[in-house]
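Novice: Following this line is final.cif, made up of mmCIF, C-alpha atoms:
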```cif
data_run
loop_
_atom_site.label_atom_id
_atom_site.label_comp_id
_atom_site.auth_asym_id
_atom_site.auth_seq_id
_atom_site.Cartn_x
_atom_site.Cartn_y
_atom_site.Cartn_z
CA MET U 938 -11.44 138.57 195.84
CA ASP U 939 -15.16 139.35 196.26
CA ILE U 940 -14.86 142.52 194.19
CA GLY U 941 -13.05 140.59 191.45
CA ILE U 942 -15.83 137.98 191.36
CA GLY U 943 -18.46 140.73 191.24
CA LEU U 944 -16.71 142.46 188.35
CA LEU U 945 -16.43 139.17 186.46
CA ILE U 946 -20.16 138.43 186.85
CA ILE U 947 -21.11 141.95 185.70
CA ALA U 948 -18.72 141.59 182.75
CA ILE U 949 -20.37 138.33 181.65
CA GLY U 950 -23.79 139.98 181.77
CA SER U 951 -22.44 142.99 179.91
CA LEU U 952 -21.06 140.76 177.17
CA GLY U 953 -24.53 139.29 176.80
CA GLN U 954 -26.14 142.74 176.49
CA SER U 955 -23.60 143.94 173.96
CA SER U 956 -24.28 140.83 171.90
CA SER U 957 -28.07 141.19 172.05
CA TYR U 958 -28.32 143.34 168.92
CA VAL U 959 -26.54 140.77 166.76
CA PRO U 960 -29.48 138.28 166.67
CA ILE U 961 -31.79 141.11 165.59
CA ASN U 962 -29.96 141.16 162.25
CA LYS U 963 -31.33 137.64 161.68
CA VAL U 964 -34.98 138.76 161.95
CA ARG U 965 -36.60 138.72 158.51
CA GLU U 966 -39.65 140.39 156.90
CA TRP U 967 -40.70 142.26 160.05
CA SER U 968 -40.69 146.04 160.41
CA TRP U 969 -38.60 147.66 163.14
CA GLU U 970 -41.62 148.24 165.40
CA SER U 971 -42.74 144.63 165.06
CA PHE U 972 -39.50 142.94 166.05
CA TRP U 973 -38.83 145.59 168.72
CA LEU U 974 -42.13 144.76 170.41
CA VAL U 975 -41.62 141.00 170.24
CA GLN U 976 -38.06 141.08 171.57
CA GLY U 977 -39.35 143.45 174.29
CA ILE U 978 -41.83 140.83 175.47
CA PHE U 979 -38.89 138.50 176.09
CA ALA U 980 -36.40 141.14 177.32
CA TRP U 981 -38.68 143.21 179.57
CA LEU U 982 -41.39 140.78 180.69
CA LEU U 983 -40.70 137.06 180.35
CA PHE U 984 -37.05 136.74 181.35
CA PRO U 985 -37.20 139.41 184.10
CA TYR U 986 -40.24 137.57 185.50
CA LEU U 987 -38.35 134.27 185.50
CA GLY U 988 -35.42 136.01 187.18
CA ALA U 989 -37.71 137.50 189.83
CA LEU U 990 -39.10 134.05 190.63
CA LEU U 991 -35.60 133.01 191.77
CA ALA U 992 -35.78 135.65 194.52
CA ILE U 993 -39.17 134.68 195.99
CA PRO U 994 -38.68 132.90 199.34
CA ASP U 995 -40.91 130.00 200.36
CA GLY U 996 -44.27 131.13 201.68
CA CYS U 997 -44.03 134.50 199.94
CA SER U 998 -45.28 135.92 196.64
CA LEU U 999 -44.08 138.54 194.19
CA LEU U 1000 -47.06 140.77 194.94
CA GLU U 1001 -46.25 140.66 198.67
CA LEU U 1002 -42.69 141.80 197.94
CA TRP U 1003 -44.00 144.60 195.72
CA ASN U 1004 -46.42 145.81 198.40
CA THR U 1005 -43.75 148.23 199.59
CA GLN U 1006 -43.14 151.95 199.30
CA GLY U 1007 -41.24 152.78 196.13
CA SER U 1008 -42.74 150.12 193.87
CA VAL U 1009 -44.91 152.56 191.90
CA THR U 1010 -42.03 155.03 191.62
CA ALA U 1011 -39.82 152.28 190.21
CA VAL U 1012 -42.43 151.57 187.50
CA ILE U 1013 -42.69 155.29 186.66
CA TYR U 1014 -38.93 155.56 186.28
CA GLY U 1015 -39.17 152.47 184.11
CA MET U 1016 -41.60 154.27 181.82
CA LEU U 1017 -39.15 157.14 181.47
CA TRP U 1018 -36.35 154.67 180.82
CA GLY U 1019 -38.56 153.15 178.12
CA ILE U 1020 -38.24 156.39 176.16
CA GLY U 1021 -34.48 155.93 176.34
CA GLY U 1022 -34.90 152.35 175.15
CA LEU U 1023 -36.77 153.50 172.05
CA THR U 1024 -34.22 156.14 171.12
CA PHE U 1025 -31.43 153.71 172.03
CA GLY U 1026 -32.47 151.46 169.18
CA LEU U 1027 -32.61 154.44 166.83
CA SER U 1028 -29.11 155.57 167.88
CA MET U 1029 -27.68 152.26 166.61
CA ARG U 1030 -29.74 152.56 163.45
CA TYR U 1031 -28.05 155.90 162.65
CA LEU U 1032 -24.59 155.32 164.17
CA GLY U 1033 -24.10 151.55 164.25
CA VAL U 1034 -23.66 149.19 167.20
CA ALA U 1035 -20.25 150.53 168.25
CA LEU U 1036 -20.65 154.30 168.15
CA GLY U 1037 -24.38 154.29 168.95
CA GLN U 1038 -23.95 152.27 172.13
CA SER U 1039 -20.81 154.21 173.09
CA ILE U 1040 -22.48 157.63 173.12
CA ALA U 1041 -25.79 156.47 174.59
CA LEU U 1042 -24.27 154.25 177.27
CA GLY U 1043 -21.59 156.78 178.18
CA THR U 1044 -24.22 159.44 178.82
CA CYS U 1045 -26.29 156.88 180.69
CA ALA U 1046 -23.28 155.93 182.84
CA GLY U 1047 -22.66 159.50 183.96
CA PHE U 1048 -26.24 160.54 184.68
CA GLY U 1049 -27.25 157.13 186.05
CA THR U 1050 -24.40 157.13 188.57
CA LEU U 1051 -24.47 160.75 189.71
CA PHE U 1052 -28.23 161.36 189.90
CA PRO U 1053 -28.88 158.76 192.66
CA ALA U 1054 -25.89 160.09 194.60
CA LEU U 1055 -27.12 163.68 194.33
CA PHE U 1056 -30.70 162.73 195.24
CA GLY U 1057 -29.32 160.82 198.22
CA GLY U 1058 -27.48 163.90 199.50
CA THR U 1059 -23.95 162.66 198.76
CA ASP U 1060 -21.25 165.34 198.86
CA LEU U 1061 -19.48 164.93 195.52
CA LEU U 1062 -16.57 167.19 196.50
CA HIS U 1063 -15.28 165.20 199.46
CA GLY U 1064 -14.52 161.62 200.48
CA THR U 1065 -16.50 158.84 198.83
CA GLY U 1066 -18.47 161.31 196.74
CA LEU U 1067 -15.30 162.76 195.24
CA VAL U 1068 -14.05 159.28 194.34
CA LEU U 1069 -17.38 158.61 192.67
CA LEU U 1070 -17.30 161.89 190.74
CA THR U 1071 -13.72 161.32 189.61
CA GLY U 1072 -14.53 157.80 188.44
CA VAL U 1073 -17.48 159.08 186.40
CA CYS U 1074 -15.26 161.79 184.87
CA ILE U 1075 -12.75 159.14 183.80
CA THR U 1076 -15.62 157.16 182.27
CA LEU U 1077 -16.87 160.21 180.37
CA ALA U 1078 -13.32 160.94 179.20
CA GLY U 1079 -13.16 157.46 177.70
CA ILE U 1080 -16.52 158.00 176.03
CA ALA U 1081 -15.35 161.36 174.65
CA VAL U 1082 -12.29 159.72 173.10
CA ILE U 1083 -14.47 157.05 171.51
CA GLY U 1084 -16.87 159.72 170.28
CA TYR U 1085 -13.92 161.55 168.72
CA ALA U 1086 -12.90 158.35 166.98
CA GLY U 1087 -16.45 158.13 165.65
CA SER U 1088 -16.31 161.65 164.25
CA LEU U 1089 -12.96 160.85 162.56
CA LYS U 1090 -14.52 157.74 161.11
CA ALA U 1091 -17.35 159.76 159.62
CA TRP U 1092 -14.90 162.36 158.29
CA ASN U 1093 -12.55 159.85 156.65
CA MET U 1094 -15.13 157.59 155.05
CA THR U 1095 -17.00 158.20 151.82
CA GLU U 1096 -20.80 158.16 151.80
CA GLU U 1097 -20.68 154.73 150.14
CA GLU U 1098 -18.40 153.35 152.86
CA LYS U 1099 -20.63 154.79 155.59
CA LYS U 1100 -23.72 153.18 154.10
CA ALA U 1101 -21.89 149.88 153.68
CA ALA U 1102 -20.95 149.86 157.38
CA VAL U 1103 -24.24 151.30 158.71
CA LYS U 1104 -27.13 151.40 156.24
CA ASP U 1105 -28.88 154.50 157.66
CA PHE U 1106 -25.74 156.30 158.90
CA ALA U 1107 -26.44 159.93 159.94
CA LEU U 1108 -23.89 161.43 162.35
CA THR U 1109 -25.66 164.60 163.57
CA LYS U 1110 -29.09 163.01 163.92
CA GLY U 1111 -27.53 159.91 165.49
CA LEU U 1112 -25.56 161.90 168.10
CA LEU U 1113 -28.65 163.87 169.19
CA VAL U 1114 -30.72 160.69 169.46
CA ALA U 1115 -27.93 158.88 171.32
CA LEU U 1116 -27.58 161.71 173.87
CA LEU U 1117 -31.34 161.69 174.51
CA ALA U 1118 -31.24 157.91 174.82
CA GLY U 1119 -28.45 158.09 177.38
CA ILE U 1120 -30.13 160.71 179.57
CA MET U 1121 -33.49 158.90 179.62
CA SER U 1122 -31.88 155.47 180.03
CA ALA U 1123 -30.27 156.70 183.25
CA CYS U 1124 -33.76 156.49 184.75
CA PHE U 1125 -33.29 152.72 184.96
CA ASN U 1126 -30.80 153.11 187.80
CA LEU U 1127 -33.06 155.70 189.44
CA GLY U 1128 -35.80 153.06 189.29
CA LEU U 1129 -33.53 150.53 190.98
CA GLU U 1130 -32.75 153.06 193.72
CA ALA U 1131 -36.45 153.88 194.14
CA GLY U 1132 -37.17 150.19 194.63
CA ASN U 1133 -34.70 149.86 197.50
CA GLY U 1134 -37.58 149.15 199.90
CA VAL U 1135 -38.54 146.12 197.78
CA LEU U 1136 -34.92 144.98 197.82
CA LEU U 1137 -34.70 145.22 201.61
CA ARG U 1138 -38.02 143.43 202.03
CA THR U 1139 -36.90 140.66 199.67
CA LYS U 1140 -33.71 140.17 201.66
CA SER U 1141 -35.51 140.22 205.01
CA ALA U 1142 -37.92 137.56 203.73
CA GLY U 1143 -34.96 135.24 203.29
CA ALA U 1144 -34.19 135.55 199.58
CA ASN U 1145 -30.82 134.55 198.20
CA GLU U 1146 -28.61 137.67 198.10
CA LEU U 1147 -27.55 136.83 194.53
CA PHE U 1148 -31.09 137.23 193.17
CA ALA U 1149 -32.58 139.78 195.62
CA LEU U 1150 -32.47 142.67 193.11
CA ASN U 1151 -34.45 140.78 190.45
CA PRO U 1152 -37.96 141.75 191.66
CA VAL U 1153 -36.94 145.43 191.49
CA VAL U 1154 -35.55 144.96 187.98
CA LEU U 1155 -38.89 143.50 186.90
CA LEU U 1156 -40.75 146.57 188.20
CA VAL U 1157 -38.56 148.87 186.10
CA THR U 1158 -38.76 146.72 182.96
CA ILE U 1159 -42.56 146.52 183.24
CA GLY U 1160 -42.65 150.32 183.10
CA GLY U 1161 -40.29 150.31 180.13
CA PHE U 1162 -42.33 147.70 178.32
CA CYS U 1163 -45.49 149.82 178.67
CA THR U 1164 -43.83 152.80 176.97
CA ASN U 1165 -42.33 150.71 174.19
CA ALA U 1166 -45.51 148.71 173.59
CA VAL U 1167 -47.62 151.85 173.18
CA TYR U 1168 -45.15 153.30 170.69
CA CYS U 1169 -44.71 150.08 168.70
CA ILE U 1170 -48.45 149.40 168.45
CA TYR U 1171 -48.96 153.02 167.37
CA GLN U 1172 -46.34 152.54 164.65
CA ASN U 1173 -47.98 149.25 163.61
CA ILE U 1174 -51.26 151.10 163.09
CA LYS U 1175 -49.69 154.17 161.48
CA ASN U 1176 -47.50 152.20 159.05
CA GLY U 1177 -49.95 149.38 158.43
CA THR U 1178 -47.46 146.80 159.74
CA GLY U 1179 -49.76 145.12 162.24
CA HIS U 1180 -50.03 142.16 159.89
CA ASP U 1181 -46.26 141.50 160.17
CA TYR U 1182 -46.58 139.01 162.99
CA LEU U 1183 -48.75 136.44 161.19
CA SER U 1184 -48.31 137.29 157.51
CA VAL U 1185 -44.91 135.59 157.21
CA SER U 1186 -44.39 131.89 156.62
CA ARG U 1187 -44.28 129.51 159.57
CA GLY U 1188 -40.53 129.04 159.15
CA THR U 1189 -39.89 132.79 159.13
CA PHE U 1190 -42.16 133.28 162.15
CA LEU U 1191 -40.28 130.63 164.15
CA ASN U 1192 -36.95 132.07 163.01
CA ASN U 1193 -37.96 135.57 164.13
CA LEU U 1194 -39.38 134.34 167.42
CA LEU U 1195 -36.18 132.40 168.16
CA PHE U 1196 -33.86 135.33 167.46
CA CYS U 1197 -36.10 137.79 169.34
CA ALA U 1198 -36.01 135.43 172.33
CA LEU U 1199 -32.22 135.14 172.05
CA ALA U 1200 -31.88 138.93 171.87
CA GLY U 1201 -34.18 139.23 174.89
CA VAL U 1202 -32.29 136.84 177.15
CA LEU U 1203 -28.95 138.37 176.15
CA TRP U 1204 -30.23 141.87 176.89
CA TYR U 1205 -31.66 140.85 180.28
CA SER U 1206 -28.40 139.14 181.26
CA GLN U 1207 -26.83 142.54 182.02
CA PHE U 1208 -29.24 143.25 184.89
CA PHE U 1209 -29.31 139.66 186.08
CA GLY U 1210 -25.51 139.92 186.27
CA LEU U 1211 -25.65 143.38 187.85
CA GLY U 1212 -27.79 142.12 190.72
CA MET U 1213 -25.50 139.16 191.33
CA GLY U 1214 -22.34 141.26 190.99
CA LYS U 1215 -23.54 143.94 193.41
CA SER U 1216 -24.06 141.29 196.08
CA TYR U 1217 -20.26 140.88 196.14
CA PHE U 1218 -19.74 144.63 196.64
CA ALA U 1219 -21.51 144.72 200.02
CA GLY U 1220 -18.28 145.64 201.81
CA SER U 1221 -17.46 148.52 199.46
CA PRO U 1222 -19.95 151.43 199.34
CA VAL U 1223 -17.92 153.08 196.55
CA MET U 1224 -18.12 150.01 194.31
CA LEU U 1225 -21.85 149.71 195.03
CA ALA U 1226 -22.42 153.34 194.02
CA PHE U 1227 -20.16 152.96 190.97
CA SER U 1228 -21.64 149.63 189.82
CA TRP U 1229 -23.98 151.28 187.30
CA SER U 1230 -21.09 153.10 185.65
CA ILE U 1231 -19.10 149.85 185.62
CA LEU U 1232 -21.89 148.06 183.76
CA MET U 1233 -22.31 150.85 181.20
CA SER U 1234 -18.53 151.11 180.63
CA LEU U 1235 -18.28 147.38 180.01
CA ASN U 1236 -21.24 147.60 177.63
CA VAL U 1237 -19.35 150.25 175.65
CA VAL U 1238 -16.16 148.18 175.53
CA PHE U 1239 -17.92 145.03 174.37
CA SER U 1240 -20.14 146.88 171.89
CA ASN U 1241 -17.06 148.36 170.25
CA LEU U 1242 -15.46 144.93 170.06
CA TRP U 1243 -18.62 143.80 168.24
CA GLY U 1244 -18.36 146.87 166.04
CA ILE U 1245 -14.85 145.82 165.03
CA LEU U 1246 -15.97 142.24 164.37
CA LEU U 1247 -18.94 143.46 162.30
CA LYS U 1248 -16.52 145.65 160.29
CA GLU U 1249 -18.30 148.89 161.23
CA TRP U 1250 -14.87 150.53 161.52
CA LYS U 1251 -13.60 149.19 158.21
CA GLY U 1252 -12.13 152.01 156.14
CA ALA U 1253 -11.89 154.34 159.15
CA GLY U 1254 -8.07 154.37 159.08
CA LYS U 1255 -5.40 153.12 161.51
CA ARG U 1256 -5.21 156.39 163.46
CA THR U 1257 -8.94 156.30 164.13
CA VAL U 1258 -8.77 152.70 165.35
CA VAL U 1259 -5.85 153.56 167.66
CA ILE U 1260 -7.90 156.42 169.16
CA LEU U 1261 -10.85 154.03 169.56
CA ILE U 1262 -8.70 151.50 171.42
CA THR U 1263 -7.28 154.29 173.61
CA GLY U 1264 -10.81 155.26 174.61
CA MET U 1265 -11.60 151.64 175.45
CA CYS U 1266 -8.45 151.42 177.62
CA ILE U 1267 -9.54 154.54 179.53
CA LEU U 1268 -12.91 152.90 180.17
CA ILE U 1269 -11.24 149.73 181.45
CA PHE U 1270 -9.14 151.86 183.81
CA SER U 1271 -12.32 153.57 185.06
CA LEU U 1272 -13.60 150.15 186.19
CA LEU U 1273 -10.55 149.63 188.38
CA TYR U 1274 -10.16 153.19 189.65
CA PRO U 1275 -12.61 153.09 192.62
CA ASN U 1276 -10.93 150.00 194.05
CA LEU U 1277 -7.41 151.25 193.32
CA ILE U 1278 -8.05 154.56 195.10
CA LYS U 1279 -9.43 152.66 198.06
#
```
Please rewrite the model in this file as structure tokens.

Specialist:
Amino acid sequence: MDIGIGLLIIAIGSLGQSSSYVPINKVREWSWESFWLVQGIFAWLLFPYLGALLAIPDGCSLLELWNTQGSVTAVIYGMLWGIGGLTFGLSMRYLGVALGQSIALGTCAGFGTLFPALFGGTDLLHGTGLVLLTGVCITLAGIAVIGYAGSLKAWNMTEEEKKAAVKDFALTKGLLVALLAGIMSACFNLGLEAGNGVLLRTKSAGANELFALNPVVLLVTIGGFCTNAVYCIYQNIKNGTGHDYLSVSRGTFLNNLLFCALAGVLWYSQFFGLGMGKSYFAGSPVMLAFSWSILMSLNVVFSNLWGILLKEWKGAGKRTVVILITGMCILIFSLLYPNLIK
């Protein structure tokens, strides 16, 4: 029952993340770097800070919780993850929400799950480690099937149809960017692992188990925000788009601010849900270790559902859609596999 509740909470957060790129389409008259920076303020600073406040026990402060070994490392991993965040946005620009998220998040699921296990000395060929490795392989198989569906889509569609579905569609460039995004984005989970001392200190101080991971999440997102802010401000200067923020009408500014805030809270919901969901996996080390892959797999499933709703697969053909759905079913099975094998 606890594992089921944990999965449901993570799924709700994942649905929020997969929906976070929809409000961005409502942003008007701002360049990519301008709206990316503004939504980042909400996604990586404001809402993670509010989430962290829920974990601070009476008589304690956030700085006291952070005064623990691993805090700086978590921020550094966050900076590396920030590079993945930048290329993540570009992967959807070139491949669309469905395929872009599928490739990037699939790569992120594999590396983000296995790296902490390897660094922690887990034997991936026996016992719990083998279950973990097998689960990741099933996840990657699902991603491969979805990637194949994406290649069929590109093959079957005319250039006009590709541009109608995804304005800047470019398969080769998009795949390379998405793979880089996935590898670098895996650093987020490494940051969470590095901040385990903060997590333990937060729990020992009397924090609610449901919110205890939030201060660690904030450390990682601060690092990511630094990387993204530097890049976006550089692009503002290079492209002469620094005037974007205040040159639009008041109505457009409020519209953009609202949708950037909505995108930010939806994006953050995945890690708010991950922290809460993991608290229900305390009795299952395998589920705890596999939780990152679970989140990424759900993100892929929901992003592809959005892709279908946004008609990104229109004109791809029935066979391609069947292959896409097969890949999604494999991913859903990968969520259940660790508990079934137990």

Novice: By how many Å are atom CA of Asn1236 of chain U and atom CA of Thr1010 of chain U apart?

Specialist: 26.1 Å

Novice: Using only C-alpha atoms, which residues sit within 7 Å of Ser1206 of chain U once same-chain residues fewer than 5 positions away are excluded, as a list in words?

Specialist: Gly950, Gly953 and Gln954 of chain U

Novice: Quick one: of U:Gln1172, U:Ser968, U:Ser1184, U:Gln976, who's nearest to Leu1203 of chain U, counting all atoms listed in the file?

Specialist: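 Between U:Gln1172, U:Ser968, U:Ser1184, U:Gln976, the residue approaching Leu1203 of chain U most closely is U:Gln976.
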
Novice: Determine the residue set returned by the PyMOL selection byres ((chain U and resi 1195) around 12) for the present structure, and present it as an NGL selection string.

Specialist: :U and (960-961 or 963-965 or 972 or 975-976 or 979 or 1188-1194 or 1196-1202)

Novice: Using all atoms listed in the file, can you tell me which of U:Ser1122, U:Thr1178, U:Ser957, U:Ser998 comes closest to Ser971 of chain U?

Specialist: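 Result for the nearest residue to Ser971 of chain U: U:Thr1178.
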
Novice: To one decimal in Å, tell me the separation between atom CA of Ala1041 of chain U and atom CA of Gly1064 of chain U.

Specialist: 28.7 Å

Novice: U:Leu974, U:Leu1147, U:Leu982, U:Ile1262: which is nearest Gly1079 of chain U, counting only C-alpha atoms?

Specialist: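 Ranking U:Leu974, U:Leu1147, U:Leu982, U:Ile1262 by distance to Gly1079 of chain U, first place goes to U:Ile1262.
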
Novice: At what distance in Å, to one decimal, does atom CA of Ile946 of chain U lie from atom CA of Ala1046 of chain U?

Specialist: 18.2 Å

Novice: Let me make sure I understand: among U:Thr1139, U:Thr1071, U:Asn1165, U:Asn1126, which one has the smallest atom-to-atom distance to Leu1023 of chain U if we use all atoms listed in the file?

Specialist: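 Smallest distance to Leu1023 of chain U is found for U:Asn1165.
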
Novice: Take the point (-27.1, 160.2, 182.7) in the file's coordinates, draw a sphere of radius 8 Å around it, and report as a CSV table (one decimal) with C-alpha atoms, in the coordinates of the input every protein, DNA or RNA residue with an atom inside or on it, counting all atoms listed in the file.

Specialist:
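Once written, part.csv looks like this:
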```
chain,number,residue,atom,x,y,z
U,1043,GLY,CA,-21.6,156.8,178.2
U,1044,THR,CA,-24.2,159.4,178.8
U,1045,CYS,CA,-26.3,156.9,180.7
U,1046,ALA,CA,-23.3,155.9,182.8
U,1047,GLY,CA,-22.7,159.5,184.0
U,1048,PHE,CA,-26.2,160.5,184.7
U,1049,GLY,CA,-27.2,157.1,186.0
U,1050,THR,CA,-24.4,157.1,188.6
U,1051,LEU,CA,-24.5,160.8,189.7
U,1052,PHE,CA,-28.2,161.4,189.9
U,1119,GLY,CA,-28.4,158.1,177.4
U,1120,ILE,CA,-30.1,160.7,179.6
U,1121,MET,CA,-33.5,158.9,179.6
U,1122,SER,CA,-31.9,155.5,180.0
U,1123,ALA,CA,-30.3,156.7,183.2
U,1124,CYS,CA,-33.8,156.5,184.8
```

Novice: Please, which residues are within 8 Å of (-17.2, 139.0, 173.8) by the file's coordinates, counting all atoms listed in the file, and could they come as a list in words?

Specialist: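 Taken together, the residues in range are Leu952, Gly953, Ser956, Phe1239, Leu1242 and Trp1243 of chain U.
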
Novice: Nearest to Gly996 of chain U: which of U:Ala1142, U:Leu1246, U:Leu1272, U:Ile1159 is it, counting all atoms listed in the file?

Specialist: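 Of U:Ala1142, U:Leu1246, U:Leu1272, U:Ile1159, the one nearest Gly996 of chain U, counting all atoms listed in the file, is U:Ala1142.
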
Novice: Residues picked by the PyMOL selection byres ((chain U and resi 1014-1018) around 7) here, as a count of residues only?

Specialist: 22

Novice: Between U:Thr1024, U:Cys1074, U:Leu999, U:Asn1176, single out the one closest to Leu1113 of chain U, counting all atoms listed in the file.

Specialist: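 Closest to Leu1113 of chain U of all the choices is U:Thr1024.
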
Novice: Report as a list in words the full result of the PyMOL selection byres ((chain U and resi 1143) around 10) when it is applied to this structure.

Specialist: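 Selected by the PyMOL selection byres ((chain U and resi 1143) around 10) here: Ala992, Ile993, Pro994, Asp995, Cys997, Arg1138, Thr1139, Lys1140, Ser1141, Ala1142, Ala1144, Asn1145, Glu1146 and Ala1149 of chain U.
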
Novice: Tell me which protein, DNA and RNA residues are within 10 Å of Leu1070 of chain U, counting only C-alpha atoms, leaving out same-chain ones fewer than 2 positions away, and put them as a list in words.

Specialist: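 What passes the distance filter is Gly1047, Thr1050, Leu1051, Ala1054, Asp1060, Leu1061, Leu1062, His1063, Thr1065, Gly1066, Leu1067, Val1068, Gly1072, Val1073, Cys1074, Ile1075, Thr1076 and Phe1227 of chain U.
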
Novice: Padding 3 Å on each side, edges along x, y and z: where is the centre of the box around the listed atoms of segment 1128-1136 of chain U, and how long are its edges in Å to one decimal? Output it as lines of an AutoDock Vina configuration file.

Specialist:
```
center_x = -35.6
center_y = 149.4
center_z = 194.6
size_x = 11.8
size_y = 14.9
size_z = 16.6
```
